[in-house]
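**Student:** Got a structure here, written out as structure tokens. Questions coming.
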Amino acid sequence: MDMLTAHGIKPSAQRIVILGHLMEHRVHPTVDEIYTSLLPVHPTLSRTTVYNTLKLLSGAGVIKAIASESGESTRWDFSESPHAHFLCSGCGSVTDVPVCFSVLPAVPPGYVIAEMGITVKGWCPECRERQTV
């Protein structure tokens with residue numbers, strides 16, 4: 001896959017499948033969700049391979065890790081365009097939110113912004129209906 005080689009990653013069958021899954025399913029899955037989804041078609045795949053591949057892709061800047069509010073499970077995001085995230089405090093779902101990054105924060109002289117992210121926390125419509133927020 002060109003995207004892997006463009007980021008200096010040697011393509012393997014597992015890496016291609018995992019990245020392809022993230023590109024096709026933009027639902028910010030966890031390691032377990034990716035593993036469970038891919039296992040029926042790729043029975044030799046292990047959770048460790050999924051985890052290590054996600055760390056490799058994240059380290060190369062191909063995908064982003066999104067820490068959950070509780071810190072229990074990291075969710076993984078592939079997107080080719082800048083965006084923010086809405087994190088539901090009820091169910092933990094993550095939803096992409098379009099945002100314009102035209103105004104950057106002021107940083108001290110000599111500092112360079114390498115990455116910028118915005119996470120908005122609140123309650124999704126389903127969680128708001130189930131409980132009083």
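If you're wondering about the labels, chains in the structure tokens are A, B, ... by order shown, residues count from 1 in each chain, ligands from 1 in order shown.
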Please identify which residues in region 4-132 of chain A DSSP calls strand (DSSP E) from the backbone, and express them as a PyMOL selection string.
**Tutor:** chain A and resi 64-66+75-77+84-88+94-97+119-122
**Student:** Considering only helix (DSSP H, G or I) as DSSP defines it on the backbone, what residues of region 16-50 of chain A qualify? List them as a VMD selection string.
**Tutor:** chain A and resid 16 to 24 31 to 38 47 to 50
**Student:** Would you write out, as a Markdown table, a table of all residues in region 36-103 of chain A that have an atom no more than 12 Å from an atom of region 111-115 of chain A, listing for each the closest atom pair and the distance in Å to one decimal, considering only C-alpha atoms and ordering rows by chain and rising residue number?
**Tutor:**
| residue | atom | partner | partner_atom | distance |
| --- | --- | --- | --- | --- |
| A:Gly61 | CA | A:Glu115 | CA | 10.0 |
| A:Lys64 | CA | A:Glu115 | CA | 10.6 |
| A:Pro82 | CA | A:Glu115 | CA | 10.1 |
| A:His83 | CA | A:Glu115 | CA | 11.8 |
| A:Phe101 | CA | A:Glu115 | CA | 11.1 |
**Student:** When distances are computed from only C-alpha atoms, which of A:Ile34, A:Val120, A:Val107, A:Cys100 shows the smallest separation from Ser68 (chain A)?
**Tutor:**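 Among the listed residues, the smallest separation from Ser68 (chain A) belongs to A:Val120.
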**Student:** If we count only C-alpha atoms and set the cut-off at 12 Å, which residues sit around Pro125 (chain A), ignoring sequence neighbours fewer than 2 positions away in its own chain? Please answer as a list in words.
**Tutor:**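 Non-adjacent residues within range: Phe86, Cys88, Ser89, Gly90, Cys91, Ser93, Thr95, Gly122, Trp123, Cys127, Arg128, Glu129, Arg130, Gln131, Thr132 and Val133 of chain A.
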**Student:** Using only C-alpha atoms, which residue out of A:Ala106, A:Leu57, A:Val99, A:Ile63 lies closest to Lys10 (chain A)?
**Tutor:**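 Going through A:Ala106, A:Leu57, A:Val99, A:Ile63 one by one, the smallest distance to Lys10 (chain A) is for A:Leu57.
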**Student:** Which one is closest to Pro11 (chain A): A:Ser79, A:Thr53, A:Ser46, A:Thr119? Count only C-alpha atoms.
**Tutor:** A:Thr53
**Student:** Which is closer to Leu19 (chain A) than all the others in A:Ala6, A:Leu54, A:Val41, A:Ala67, using only C-alpha atoms?
**Tutor:**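 Using only C-alpha atoms, Leu19 (chain A) sits closest to A:Leu54.
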**Student:** Would you pick out the contacts of Ile9 (chain A) at 9 Å or less, using only C-alpha atoms, so that residues sharing its chain but fewer than 5 positions from it are not included, and give the list as a list of chain:residue names?
**Tutor:**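 The residues that qualify are A:Met3, A:Leu4, A:Leu56, A:Leu57, A:Ala60.
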**Student:** Using only C-alpha atoms for the distances, tell me which of A:Val17, A:Val62, A:Thr49, A:Gly92 is nearest to Thr5 (chain A).
**Tutor:**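 That would be A:Val62, the residue with the smallest distance to Thr5 (chain A).
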**Student:** Can you tell me, as a list in words, what residues are no more than 12 Å from Ser37 (chain A) when counting only C-alpha atoms, ignoring any on the same chain fewer than 5 positions away?
**Tutor:** Val17, Ile18, His21, Leu22, His25, Pro29, Thr30, Val31, Asp32, His42, Pro43, Leu45, Ser46, Arg47 and Val50 of chain A
**Student:** Record the distance separating CA of Val97 (chain A) and CA of Ser81 (chain A), expressed in Å with one decimal.
**Tutor:**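 Interatomic distance here is 10.9 Å.
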**Student:** For a quick check of understanding, using only C-alpha atoms, which of A:Ala84, A:Val94, A:Ala13, A:Val103 has the smallest distance to Gly117 (chain A)?
**Tutor:**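 Result for the nearest residue to Gly117 (chain A): A:Ala84.
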